[in-house]
$ cat structure_18.cif   # mmCIF, C-alpha atoms
data_start
loop_
_atom_site.group_PDB
_atom_site.id
_atom_site.type_symbol
_atom_site.label_atom_id
_atom_site.label_comp_id
_atom_site.auth_asym_id
_atom_site.auth_seq_id
_atom_site.Cartn_x
_atom_site.Cartn_y
_atom_site.Cartn_z
ATOM 1 C CA MET A 2 73.650 94.837 100.598
ATOM 2 C CA LEU A 3 72.096 93.445 103.797
ATOM 3 C CA SER A 4 68.961 95.595 103.473
ATOM 4 C CA ALA A 5 66.666 92.727 104.514
ATOM 5 C CA ALA A 6 68.999 91.809 107.354
ATOM 6 C CA ALA A 7 69.080 95.371 108.666
ATOM 7 C CA GLU A 8 65.294 95.485 108.892
ATOM 8 C CA ALA A 9 65.300 92.383 111.090
ATOM 9 C CA TRP A 10 68.539 92.784 113.026
ATOM 10 C CA PRO A 11 69.431 96.070 114.789
ATOM 11 C CA ILE A 12 73.045 94.956 115.165
ATOM 12 C CA ILE A 13 73.604 95.475 111.429
ATOM 13 C CA ASN A 14 72.952 99.214 111.656
ATOM 14 C CA ARG A 15 74.890 99.491 114.918
ATOM 15 C CA THR A 16 77.935 97.833 113.388
ATOM 16 C CA PHE A 17 77.812 100.057 110.313
ATOM 17 C CA ALA A 18 77.424 103.094 112.563
ATOM 18 C CA GLU A 19 80.647 102.143 114.362
ATOM 19 C CA ALA A 20 82.455 101.874 111.040
ATOM 20 C CA SER A 21 80.979 105.152 109.794
ATOM 21 C CA ASN A 22 82.242 106.983 112.872
ATOM 22 C CA ALA A 23 85.727 105.625 112.246
ATOM 23 C CA LEU A 24 85.689 106.467 108.539
ATOM 24 C CA GLY A 25 84.074 109.896 108.762
ATOM 25 C CA TYR A 26 81.242 109.202 106.326
ATOM 26 C CA ASP A 27 77.970 107.224 106.292
ATOM 27 C CA LEU A 28 79.079 103.805 105.063
ATOM 28 C CA TRP A 29 75.603 102.280 105.331
ATOM 29 C CA HIS A 30 74.021 105.039 103.231
ATOM 30 C CA LEU A 31 76.698 104.579 100.587
ATOM 31 C CA CYS A 32 76.180 100.805 100.504
ATOM 32 C CA GLN A 33 72.428 101.229 100.068
ATOM 33 C CA ASN A 34 72.316 104.223 97.738
ATOM 34 C CA GLY A 35 75.656 104.467 95.949
ATOM 35 C CA PRO A 36 76.754 105.947 93.672
ATOM 36 C CA ALA A 37 78.253 102.713 92.370
ATOM 37 C CA GLU A 38 81.457 104.350 91.162
ATOM 38 C CA GLU A 39 82.157 105.532 94.709
ATOM 39 C CA LEU A 40 81.237 102.231 96.331
ATOM 40 C CA ASN A 41 83.428 100.333 93.871
ATOM 41 C CA LYS A 42 86.549 102.212 94.934
ATOM 42 C CA THR A 43 88.700 99.709 96.804
ATOM 43 C CA THR A 44 89.131 102.198 99.669
ATOM 44 C CA VAL A 45 85.349 101.980 100.205
ATOM 45 C CA THR A 46 84.685 98.400 99.129
ATOM 46 C CA GLN A 47 87.149 96.950 101.621
ATOM 47 C CA PRO A 48 85.651 98.625 104.735
ATOM 48 C CA ALA A 49 82.144 97.819 103.461
ATOM 49 C CA LEU A 50 82.825 94.100 103.075
ATOM 50 C CA LEU A 51 84.651 93.911 106.397
ATOM 51 C CA THR A 52 81.804 95.653 108.217
ATOM 52 C CA ALA A 53 79.162 93.460 106.602
ATOM 53 C CA SER A 54 80.920 90.251 107.610
ATOM 54 C CA VAL A 55 81.563 91.414 111.181
ATOM 55 C CA ALA A 56 77.917 92.488 111.523
ATOM 56 C CA LEU A 57 76.757 89.028 110.419
ATOM 57 C CA TRP A 58 79.256 87.369 112.760
ATOM 58 C CA ARG A 59 77.811 89.356 115.654
ATOM 59 C CA GLN A 60 74.258 88.444 114.651
ATOM 60 C CA TRP A 61 75.222 84.765 114.617
ATOM 61 C CA PHE A 62 75.865 84.950 118.349
ATOM 62 C CA VAL A 63 72.865 87.164 119.072
ATOM 63 C CA ALA A 64 70.749 84.408 117.512
ATOM 64 C CA GLY A 65 72.371 81.706 119.634
ATOM 65 C CA GLY A 66 74.935 80.386 117.164
ATOM 66 C CA VAL A 67 77.724 78.156 118.452
ATOM 67 C CA LYS A 68 81.321 79.295 118.836
ATOM 68 C CA PRO A 69 83.372 77.805 115.985
ATOM 69 C CA ASP A 70 86.508 75.734 116.405
ATOM 70 C CA PHE A 71 88.324 77.619 113.630
ATOM 71 C CA LEU A 72 88.057 80.819 111.593
ATOM 72 C CA ALA A 73 89.200 81.513 108.042
ATOM 73 C CA GLY A 74 88.811 84.376 105.600
ATOM 74 C CA HIS A 75 89.664 84.747 101.922
ATOM 75 C CA SER A 76 91.992 87.697 101.239
ATOM 76 C CA LEU A 77 90.246 90.731 102.780
ATOM 77 C CA GLY A 78 88.148 88.256 104.761
ATOM 78 C CA GLU A 79 91.169 87.384 106.865
ATOM 79 C CA TYR A 80 90.764 90.770 108.569
ATOM 80 C CA SER A 81 87.197 89.775 109.464
ATOM 81 C CA ALA A 82 88.472 86.463 110.804
ATOM 82 C CA LEU A 83 91.023 88.266 112.982
ATOM 83 C CA VAL A 84 88.302 90.534 114.369
ATOM 84 C CA ALA A 85 86.141 87.492 115.096
ATOM 85 C CA SER A 86 89.090 85.820 116.823
ATOM 86 C CA GLU A 87 89.499 88.905 119.073
ATOM 87 C CA SER A 88 93.035 89.313 117.802
ATOM 88 C CA LEU A 89 92.250 92.611 116.061
ATOM 89 C CA ASP A 90 89.892 95.364 117.212
ATOM 90 C CA PHE A 91 87.045 96.042 114.777
ATOM 91 C CA ILE A 92 87.642 99.801 114.523
ATOM 92 C CA GLU A 93 91.366 99.250 114.014
ATOM 93 C CA ALA A 94 90.504 96.758 111.253
ATOM 94 C CA VAL A 95 88.179 99.242 109.531
ATOM 95 C CA LYS A 96 90.929 101.855 109.443
ATOM 96 C CA LEU A 97 93.507 99.306 108.334
ATOM 97 C CA VAL A 98 91.511 98.012 105.370
ATOM 98 C CA ARG A 99 90.815 101.563 104.194
ATOM 99 C CA LEU A 100 94.572 102.199 104.301
ATOM 100 C CA ARG A 101 95.170 98.812 102.663
ATOM 101 C CA GLY A 102 92.933 99.882 99.789
ATOM 102 C CA GLU A 103 94.726 103.205 99.408
ATOM 103 C CA LEU A 104 98.148 101.580 99.391
ATOM 104 C CA MET A 105 97.103 98.878 96.932
ATOM 105 C CA GLN A 106 95.613 101.453 94.570
ATOM 106 C CA ASP A 107 98.712 103.659 94.754
ATOM 107 C CA ALA A 108 101.189 100.794 94.349
ATOM 108 C CA VAL A 109 100.527 100.294 90.640
ATOM 109 C CA PRO A 110 99.459 103.098 88.263
ATOM 110 C CA ALA A 111 96.049 102.617 86.657
ATOM 111 C CA GLY A 112 96.234 100.380 83.595
ATOM 112 C CA GLU A 113 99.615 98.879 84.438
ATOM 113 C CA GLY A 114 98.350 95.972 86.526
ATOM 114 C CA ARG A 115 95.884 93.212 85.769
ATOM 115 C CA MET A 116 94.311 90.065 87.147
ATOM 116 C CA ALA A 117 92.800 87.111 85.293
ATOM 117 C CA ALA A 118 90.845 83.984 86.136
ATOM 118 C CA ILE A 119 92.106 80.663 84.826
ATOM 119 C CA LEU A 120 89.567 77.845 84.766
ATOM 120 C CA GLY A 121 90.031 74.151 84.038
ATOM 121 C CA LEU A 122 93.798 73.924 84.445
ATOM 122 C CA GLU A 123 95.943 72.210 87.081
ATOM 123 C CA ASP A 124 97.639 74.527 89.577
ATOM 124 C CA ASN A 125 101.116 73.470 88.468
ATOM 125 C CA ASP A 126 100.298 74.248 84.841
ATOM 126 C CA VAL A 127 99.108 77.732 85.771
ATOM 127 C CA VAL A 128 102.290 78.354 87.766
ATOM 128 C CA ALA A 129 104.420 77.127 84.855
ATOM 129 C CA ALA A 130 102.529 79.315 82.390
ATOM 130 C CA CYS A 131 103.179 82.368 84.561
ATOM 131 C CA GLU A 132 106.874 81.542 84.838
ATOM 132 C CA SER A 133 107.226 81.281 81.066
ATOM 133 C CA ALA A 134 105.189 84.417 80.428
ATOM 134 C CA ALA A 135 106.998 86.681 82.909
ATOM 135 C CA GLN A 136 109.926 87.610 80.642
ATOM 136 C CA GLY A 137 111.369 89.901 83.293
ATOM 137 C CA GLU A 138 108.000 91.280 84.403
ATOM 138 C CA VAL A 139 105.728 90.210 87.256
ATOM 139 C CA VAL A 140 102.991 87.638 86.803
ATOM 140 C CA SER A 141 102.104 84.859 89.220
ATOM 141 C CA ALA A 142 99.304 82.654 90.500
ATOM 142 C CA VAL A 143 97.821 84.546 93.437
ATOM 143 C CA ASN A 144 94.491 82.948 94.389
ATOM 144 C CA PHE A 145 94.271 79.175 94.571
ATOM 145 C CA ASN A 146 90.498 79.267 94.976
ATOM 146 C CA ALA A 147 89.537 75.680 94.173
ATOM 147 C CA PRO A 148 90.762 72.818 91.983
ATOM 148 C CA GLY A 149 90.657 74.136 88.438
ATOM 149 C CA GLN A 150 90.120 77.748 89.508
ATOM 150 C CA VAL A 151 93.176 79.949 89.918
ATOM 151 C CA VAL A 152 93.557 83.713 89.646
ATOM 152 C CA ILE A 153 96.762 85.255 88.320
ATOM 153 C CA ALA A 154 98.022 88.820 88.735
ATOM 154 C CA GLY A 155 100.864 91.061 87.697
ATOM 155 C CA SER A 156 101.938 93.537 85.047
ATOM 156 C CA ALA A 157 99.295 93.951 82.348
ATOM 157 C CA ALA A 158 101.428 92.718 79.452
ATOM 158 C CA ALA A 159 102.762 89.742 81.399
ATOM 159 C CA VAL A 160 99.250 88.730 82.441
ATOM 160 C CA GLU A 161 98.157 88.847 78.794
ATOM 161 C CA ARG A 162 101.041 86.563 77.863
ATOM 162 C CA ALA A 163 100.151 84.220 80.713
ATOM 163 C CA ILE A 164 96.517 84.089 79.572
ATOM 164 C CA GLU A 165 97.650 82.903 76.148
ATOM 165 C CA ALA A 166 100.069 80.415 77.702
ATOM 166 C CA CYS A 167 97.290 78.975 79.837
ATOM 167 C CA LYS A 168 95.053 78.631 76.794
ATOM 168 C CA GLU A 169 97.823 76.764 75.008
ATOM 169 C CA LYS A 170 98.078 74.395 77.980
ATOM 170 C CA GLY A 171 94.372 73.602 77.663
ATOM 171 C CA ALA A 172 92.625 75.992 80.042
ATOM 172 C CA ARG A 173 88.840 75.825 79.604
ATOM 173 C CA LYS A 174 88.667 79.571 80.100
ATOM 174 C CA ALA A 175 91.255 82.300 80.698
ATOM 175 C CA MET A 176 89.824 85.778 81.051
ATOM 176 C CA PRO A 177 90.874 89.170 82.434
ATOM 177 C CA LEU A 178 89.035 90.377 85.544
ATOM 178 C CA PRO A 179 87.554 93.889 85.793
ATOM 179 C CA VAL A 180 89.914 95.077 88.518
ATOM 180 C CA SER A 181 92.706 97.636 88.426
ATOM 181 C CA VAL A 182 94.757 96.399 91.374
ATOM 182 C CA PRO A 183 96.914 93.265 90.899
ATOM 183 C CA SER A 184 96.452 91.852 94.403
ATOM 184 C CA HIS A 185 98.684 89.333 96.190
ATOM 185 C CA CYS A 186 101.615 89.534 93.782
ATOM 186 C CA ALA A 187 105.118 91.007 94.020
ATOM 187 C CA LEU A 188 103.856 94.375 92.742
ATOM 188 C CA MET A 189 102.259 94.840 96.176
ATOM 189 C CA LYS A 190 105.596 94.614 98.010
ATOM 190 C CA GLY A 191 105.889 98.393 98.228
ATOM 191 C CA ALA A 192 102.380 98.646 99.628
ATOM 192 C CA SER A 193 103.255 96.035 102.239
ATOM 193 C CA GLU A 194 106.211 98.107 103.406
ATOM 194 C CA GLU A 195 103.897 101.082 103.986
ATOM 195 C CA LEU A 196 101.294 98.889 105.669
ATOM 196 C CA ALA A 197 104.006 97.523 107.959
ATOM 197 C CA LYS A 198 104.561 101.048 109.302
ATOM 198 C CA ALA A 199 100.888 101.346 110.183
ATOM 199 C CA LEU A 200 100.821 97.906 111.774
ATOM 200 C CA GLU A 201 103.589 98.947 114.177
ATOM 201 C CA ASP A 202 101.012 100.992 116.091
ATOM 202 C CA VAL A 203 98.220 98.403 115.986
ATOM 203 C CA ARG A 204 97.771 96.037 118.898
ATOM 204 C CA PHE A 205 97.288 92.367 118.053
ATOM 205 C CA ASN A 206 96.164 89.889 120.720
ATOM 206 C CA ASP A 207 96.501 86.138 120.735
ATOM 207 C CA ALA A 208 93.464 84.680 118.987
ATOM 208 C CA VAL A 209 90.790 83.091 121.175
ATOM 209 C CA ILE A 210 89.796 80.980 118.134
ATOM 210 C CA PRO A 211 92.528 79.686 115.798
ATOM 211 C CA VAL A 212 92.661 81.425 112.406
ATOM 212 C CA ILE A 213 93.594 79.498 109.253
ATOM 213 C CA GLN A 214 95.763 82.087 107.530
ATOM 214 C CA ASN A 215 96.002 82.671 103.794
ATOM 215 C CA VAL A 216 99.768 82.529 103.394
ATOM 216 C CA ASN A 217 100.359 79.107 104.966
ATOM 217 C CA ALA A 218 96.909 77.480 105.333
ATOM 218 C CA ALA A 219 97.807 76.741 108.954
ATOM 219 C CA ALA A 220 95.919 77.378 112.181
ATOM 220 C CA GLU A 221 97.567 80.220 114.097
ATOM 221 C CA THR A 222 96.819 81.849 117.444
ATOM 222 C CA GLU A 223 100.000 83.699 118.438
ATOM 223 C CA SER A 224 99.662 87.446 117.950
ATOM 224 C CA ALA A 225 103.065 88.084 116.381
ATOM 225 C CA THR A 226 102.550 85.294 113.854
ATOM 226 C CA LEU A 227 99.050 86.478 112.958
ATOM 227 C CA LYS A 228 100.353 89.997 112.400
ATOM 228 C CA ALA A 229 103.359 88.936 110.331
ATOM 229 C CA ASN A 230 101.290 86.644 108.109
ATOM 230 C CA LEU A 231 98.671 89.340 107.583
ATOM 231 C CA LEU A 232 101.394 91.603 106.224
ATOM 232 C CA LYS A 233 102.812 88.865 103.952
ATOM 233 C CA GLN A 234 99.314 88.255 102.653
ATOM 234 C CA LEU A 235 99.379 91.512 100.701
ATOM 235 C CA TYR A 236 102.023 90.192 98.287
ATOM 236 C CA SER A 237 101.627 86.414 98.705
ATOM 237 C CA PRO A 238 99.169 83.904 97.203
ATOM 238 C CA VAL A 239 95.885 83.116 98.938
ATOM 239 C CA LEU A 240 95.986 79.358 99.611
ATOM 240 C CA TRP A 241 92.239 78.922 99.900
ATOM 241 C CA THR A 242 92.086 75.345 98.611
ATOM 242 C CA ASP A 243 94.659 74.258 101.177
ATOM 243 C CA SER A 244 92.904 76.287 103.898
ATOM 244 C CA VAL A 245 89.648 74.416 103.350
ATOM 245 C CA ARG A 246 91.518 71.128 103.364
ATOM 246 C CA THR A 247 93.099 72.131 106.665
ATOM 247 C CA LEU A 248 89.631 72.620 108.139
ATOM 248 C CA VAL A 249 88.499 69.213 106.908
ATOM 249 C CA SER A 250 91.652 67.496 108.156
ATOM 250 C CA ASN A 251 90.920 68.942 111.600
ATOM 251 C CA GLY A 252 87.495 67.351 111.657
ATOM 252 C CA VAL A 253 85.359 70.325 110.620
ATOM 253 C CA GLU A 254 82.096 69.134 109.056
ATOM 254 C CA VAL A 255 79.882 72.243 109.070
ATOM 255 C CA ALA A 256 80.822 75.870 108.392
ATOM 256 C CA VAL A 257 79.063 79.232 108.277
ATOM 257 C CA GLU A 258 79.888 81.916 105.706
ATOM 258 C CA CYS A 259 79.399 85.371 107.257
ATOM 259 C CA GLY A 260 79.232 87.777 104.347
ATOM 260 C CA THR A 261 77.170 88.934 101.418
ATOM 261 C CA GLY A 262 76.641 86.304 98.733
ATOM 262 C CA LYS A 263 77.678 82.657 98.591
ATOM 263 C CA VAL A 264 81.028 82.780 96.815
ATOM 264 C CA LEU A 265 83.011 80.880 99.446
ATOM 265 C CA ALA A 266 80.299 78.242 99.823
ATOM 266 C CA GLY A 267 80.552 77.620 96.096
ATOM 267 C CA LEU A 268 84.322 77.272 96.246
ATOM 268 C CA VAL A 269 84.116 74.870 99.187
ATOM 269 C CA LYS A 270 81.794 72.574 97.229
ATOM 270 C CA ARG A 271 84.469 72.300 94.568
ATOM 271 C CA ILE A 272 87.194 71.608 97.127
ATOM 272 C CA ASP A 273 85.490 69.077 99.412
ATOM 273 C CA ARG A 274 81.760 68.387 99.319
ATOM 274 C CA ALA A 275 82.015 66.695 102.722
ATOM 275 C CA LEU A 276 82.225 70.168 104.295
ATOM 276 C CA ALA A 277 78.730 71.660 104.440
ATOM 277 C CA VAL A 278 78.673 75.467 104.265
ATOM 278 C CA HIS A 279 75.718 77.650 105.193
ATOM 279 C CA SER A 280 75.830 81.264 103.993
ATOM 280 C CA ILE A 281 73.998 83.711 106.242
ATOM 281 C CA GLU A 282 72.856 87.122 105.015
ATOM 282 C CA ASP A 283 69.141 87.279 105.929
ATOM 283 C CA PRO A 284 66.733 85.784 108.511
ATOM 284 C CA ASP A 285 65.851 82.732 106.379
ATOM 285 C CA SER A 286 69.453 81.710 105.714
ATOM 286 C CA LEU A 287 70.359 82.278 109.370
ATOM 287 C CA ALA A 288 67.521 80.029 110.498
ATOM 288 C CA LYS A 289 68.702 77.261 108.156
ATOM 289 C CA ALA A 290 72.292 77.559 109.430
ATOM 290 C CA LEU A 291 71.204 77.412 113.077
ATOM 291 C CA GLY A 292 69.092 74.369 112.304
ATOM 292 C CA ALA A 293 72.019 72.609 110.642
ATOM 293 C CA PHE A 294 74.125 72.966 113.762
ATOM 294 C CA ARG A 295 71.355 71.668 115.987
ATOM 295 C CA GLN A 296 71.188 68.555 113.820
ATOM 296 C CA SER A 297 74.950 68.005 113.634
#
$ encode --input "structure_18.cif" --output "C-alpha cells"
Amino acid sequence: MLSAAAEAWPIINRTFAEASNALGYDLWHLCQNGPAEELNKTTVTQPALLTASVALWRQWFVAGGVKPDFLAGHSLGEYSALVASESLDFIEAVKLVRLRGELMQDAVPAGEGRMAAILGLEDNDVVAACESAAQGEVVSAVNFNAPGQVVIAGSAAAVERAIEACKEKGARKAMPLPVSVPSHCALMKGASEELAKALEDVRFNDAVIPVIQNVNAAAETESATLKANLLKQLYSPVLWTDSVRTLVSNGVEVAVECGTGKVLAGLVKRIDRALAVHSIEDPDSLAKALGAFRQS
C-alpha cells in the first residue's frame, strides 16, 4: 500500500511515522510486510486506512492542489474528512479509530454477526426484506453505496434470512461478505456508548471546510454537530448515495479520492456520472488529477 507513493513523496513516510508514534508500533512496516492476518485486524486496518488517506491529502497540497469546497468520507473515511477539515486532530483520530476497531470487534462475539452485499435491488426492497427477515433479531440496510448496491448487517441468522428474502425479491446477487463485525447496525449501539466516553475528552473544532456526514448526507461545520453525528455513525446507515447527490446539488463537478484504490470513484460513477472523480495514490494519478483541476 502506497509503496510507489512513498518513494516519490517524503510526506507519506512522515505521516506514517506520526501514526506509528501514537500507536506504539511501526504501522508502515506492517502495511508493507504484514503478516496479513495482523494487518487485517480491524484495530490495525482502521488506523492504516486513515493514515494513508491523510498522507495523500497532505501530498495533494504539497503538489499545489486546490482547497476543496466540501469533504466527504465513507464510513471510516469520515474520520479522514474530519482531519482534513481541521475539526479533528490527526493523532487524536488515529487513537480514536484504533479504539473504534476494538469496540466494534468486542461488541459482537465472533461468528454471531454478519454483513452481506445486495446487488440489483431497489433500496426500498432491501429495507423491506430486512424488516421481514428480522423476526426479533437485528438485520438492516447499513450502506447505501450506489443505486442497486446496498450492504446489510446484523445477527448472522437474520442476515441469512434477509439474503434469501432479497433473492426472492429479484436481487441479481446477494452474498455474505468476509467480515466478522456487523458495522453500522443496532448491534453497534453498545460500542457507541463506550466510544462516547472517549469522545468526551477529544476536542472538536468547527470545520474550515464543510463535511458531508454519513448519517444525514448534509454539509456540517459546527463542532458539536460533527461530533454527535460521528458517534451516531457507528450504529446508523452510511448514506453514501445521498452524500454524492448532495455534492452534485451544491455544484461540485470534480472530486479527488484520497485513499488506496478506486472504490469510491467506482461508486460515484454509478450514482452520477456528471461528477468526475480522480483517485490519487501515486505520482501518475496525482498528475492527472492536478491537470483535471487546471482544465476545469
$ resolve_selection --input "structure_18.cif" --expression "the PyMOL selection byres ((chain A and resi 134-149) around 7)" --output "ChimeraX atom specification"
/A:120-123,127-128,130-133,150-156,159-160,162-163,185-187,237-242,268,271-272
$ residues_around --input "structure_18.cif" --residues "A:Ala108" --least-positions-apart "3" --cutoff "9 Å" --atoms "only C-alpha atoms" --output "short mmCIF file (atom, residue, chain, number, x, y, z; two decimals) with C-alpha atoms, in the frame of the given file"
data_model
loop_
_atom_site.label_atom_id
_atom_site.label_comp_id
_atom_site.auth_asym_id
_atom_site.auth_seq_id
_atom_site.Cartn_x
_atom_site.Cartn_y
_atom_site.Cartn_z
CA GLU A 103 94.73 103.20 99.41
CA LEU A 104 98.15 101.58 99.39
CA MET A 105 97.10 98.88 96.93
CA VAL A 182 94.76 96.40 91.37
CA LEU A 188 103.86 94.38 92.74
CA MET A 189 102.26 94.84 96.18
CA LYS A 190 105.60 94.61 98.01
CA GLY A 191 105.89 98.39 98.23
CA ALA A 192 102.38 98.65 99.63
#
$ atom_distance --input "structure_18.cif" --atom1 "atom CA of A:Pro11" --atom2 "atom CA of A:Leu50"
17.9 Å
$ residues_near_point --input "structure_18.cif" --point "(85.1, 67.9, 100.9)" --cutoff "12 Å" --atoms "all atoms listed in the file" --output "PDB file with C-alpha atoms, in the frame of the given file"
ATOM      1  CA  ALA A 147      89.537  75.680  94.173  1.00  0.00           C
ATOM      2  CA  PRO A 148      90.762  72.818  91.983  1.00  0.00           C
ATOM      3  CA  THR A 242      92.086  75.345  98.611  1.00  0.00           C
ATOM      4  CA  ASP A 243      94.659  74.258 101.177  1.00  0.00           C
ATOM      5  CA  SER A 244      92.904  76.287 103.898  1.00  0.00           C
ATOM      6  CA  VAL A 245      89.648  74.416 103.350  1.00  0.00           C
ATOM      7  CA  ARG A 246      91.518  71.128 103.364  1.00  0.00           C
ATOM      8  CA  THR A 247      93.099  72.131 106.665  1.00  0.00           C
ATOM      9  CA  LEU A 248      89.631  72.620 108.139  1.00  0.00           C
ATOM     10  CA  VAL A 249      88.499  69.213 106.908  1.00  0.00           C
ATOM     11  CA  SER A 250      91.652  67.496 108.156  1.00  0.00           C
ATOM     12  CA  GLY A 252      87.495  67.351 111.657  1.00  0.00           C
ATOM     13  CA  VAL A 253      85.359  70.325 110.620  1.00  0.00           C
ATOM     14  CA  GLU A 254      82.096  69.134 109.056  1.00  0.00           C
ATOM     15  CA  VAL A 255      79.882  72.243 109.070  1.00  0.00           C
ATOM     16  CA  ALA A 256      80.822  75.870 108.392  1.00  0.00           C
ATOM     17  CA  ALA A 266      80.299  78.242  99.823  1.00  0.00           C
ATOM     18  CA  GLY A 267      80.552  77.620  96.096  1.00  0.00           C
ATOM     19  CA  LEU A 268      84.322  77.272  96.246  1.00  0.00           C
ATOM     20  CA  VAL A 269      84.116  74.870  99.187  1.00  0.00           C
ATOM     21  CA  LYS A 270      81.794  72.574  97.229  1.00  0.00           C
ATOM     22  CA  ARG A 271      84.469  72.300  94.568  1.00  0.00           C
ATOM     23  CA  ILE A 272      87.194  71.608  97.127  1.00  0.00           C
ATOM     24  CA  ASP A 273      85.490  69.077  99.412  1.00  0.00           C
ATOM     25  CA  ARG A 274      81.760  68.387  99.319  1.00  0.00           C
ATOM     26  CA  ALA A 275      82.015  66.695 102.722  1.00  0.00           C
ATOM     27  CA  LEU A 276      82.225  70.168 104.295  1.00  0.00           C
ATOM     28  CA  ALA A 277      78.730  71.660 104.440  1.00  0.00           C
ATOM     29  CA  VAL A 278      78.673  75.467 104.265  1.00  0.00           C
TER      30      VAL A 278
END
$ closest_atom_pairs --input "structure_18.cif" --of "stretch 88-202 of chain A" --to "stretch 24-44 of chain A" --cutoff "9 Å" --atoms "only C-alpha atoms" --output "tab-separated table"
residue	atom	partner	partner_atom	distance
A:Val95	CA	A:Leu24	CA	7.7
A:Lys96	CA	A:Leu24	CA	7.0
A:Val98	CA	A:Thr44	CA	7.5
A:Arg99	CA	A:Thr44	CA	4.9
A:Leu100	CA	A:Thr44	CA	7.1
A:Arg101	CA	A:Thr44	CA	7.5
A:Gly102	CA	A:Thr44	CA	4.5
A:Glu103	CA	A:Thr44	CA	5.7
A:Met105	CA	A:Thr43	CA	8.4
A:Gln106	CA	A:Thr43	CA	7.5
A:Val182	CA	A:Thr43	CA	8.8
$ closest_residue --input "structure_18.cif" --among "A:Asn22, A:Ser81, A:Asn217, A:Ser4" --to "A:Arg59" --atoms "only C-alpha atoms"
A:Ser81
$ decode --input "structure_18.cif" --residues "stretch 37-55 of chain A" --atoms "N, CA and C atoms" --output "CSV table (one decimal), in the first residue's frame"
chain,number,residue,atom,x,y,z
A,37,ALA,N,-0.3,-10.7,6.9
A,37,ALA,CA,-1.7,-10.3,6.5
A,37,ALA,C,-2.7,-10.4,7.7
A,38,GLU,N,-2.6,-11.5,8.4
A,38,GLU,CA,-3.6,-11.7,9.5
A,38,GLU,C,-3.5,-10.6,10.5
A,39,GLU,N,-2.4,-10.0,10.7
A,39,GLU,CA,-2.3,-8.9,11.7
A,39,GLU,C,-2.8,-7.6,11.1
A,40,LEU,N,-2.5,-7.4,9.8
A,40,LEU,CA,-2.9,-6.2,9.1
A,40,LEU,C,-4.4,-6.2,8.9
A,41,ASN,N,-5.0,-7.4,8.8
A,41,ASN,CA,-6.5,-7.5,8.6
A,41,ASN,C,-7.3,-7.3,9.8
A,42,LYS,N,-6.6,-7.3,11.0
A,42,LYS,CA,-7.4,-7.0,12.2
A,42,LYS,C,-7.9,-5.6,12.2
A,43,THR,N,-9.2,-5.4,12.5
A,43,THR,CA,-9.8,-4.1,12.3
A,43,THR,C,-9.1,-3.0,13.2
A,44,THR,N,-8.5,-3.4,14.3
A,44,THR,CA,-7.8,-2.4,15.1
A,44,THR,C,-6.5,-1.9,14.4
A,45,VAL,N,-6.0,-2.6,13.4
A,45,VAL,CA,-4.9,-2.2,12.6
A,45,VAL,C,-5.3,-1.6,11.3
A,46,THR,N,-6.3,-2.3,10.7
A,46,THR,CA,-6.8,-1.8,9.4
A,46,THR,C,-7.3,-0.4,9.4
A,47,GLN,N,-8.0,0.0,10.5
A,47,GLN,CA,-8.6,1.3,10.6
A,47,GLN,C,-7.6,2.4,10.7
A,48,PRO,N,-6.6,2.3,11.6
A,48,PRO,CA,-5.5,3.3,11.6
A,48,PRO,C,-4.8,3.3,10.3
A,49,ALA,N,-4.5,2.2,9.6
A,49,ALA,CA,-3.8,2.2,8.4
A,49,ALA,C,-4.5,2.9,7.3
A,50,LEU,N,-5.8,2.7,7.1
A,50,LEU,CA,-6.5,3.4,6.1
A,50,LEU,C,-6.6,4.9,6.3
A,51,LEU,N,-6.9,5.2,7.6
A,51,LEU,CA,-6.9,6.6,8.0
A,51,LEU,C,-5.6,7.3,7.6
A,52,THR,N,-4.5,6.7,8.0
A,52,THR,CA,-3.2,7.3,7.8
A,52,THR,C,-2.9,7.5,6.3
A,53,ALA,N,-3.2,6.5,5.6
A,53,ALA,CA,-3.0,6.5,4.1
A,53,ALA,C,-3.7,7.7,3.5
A,54,SER,N,-5.0,7.8,3.9
A,54,SER,CA,-5.8,8.9,3.2
A,54,SER,C,-5.3,10.3,3.7
A,55,VAL,N,-4.9,10.4,4.9
A,55,VAL,CA,-4.5,11.7,5.4
A,55,VAL,C,-3.1,12.1,4.7
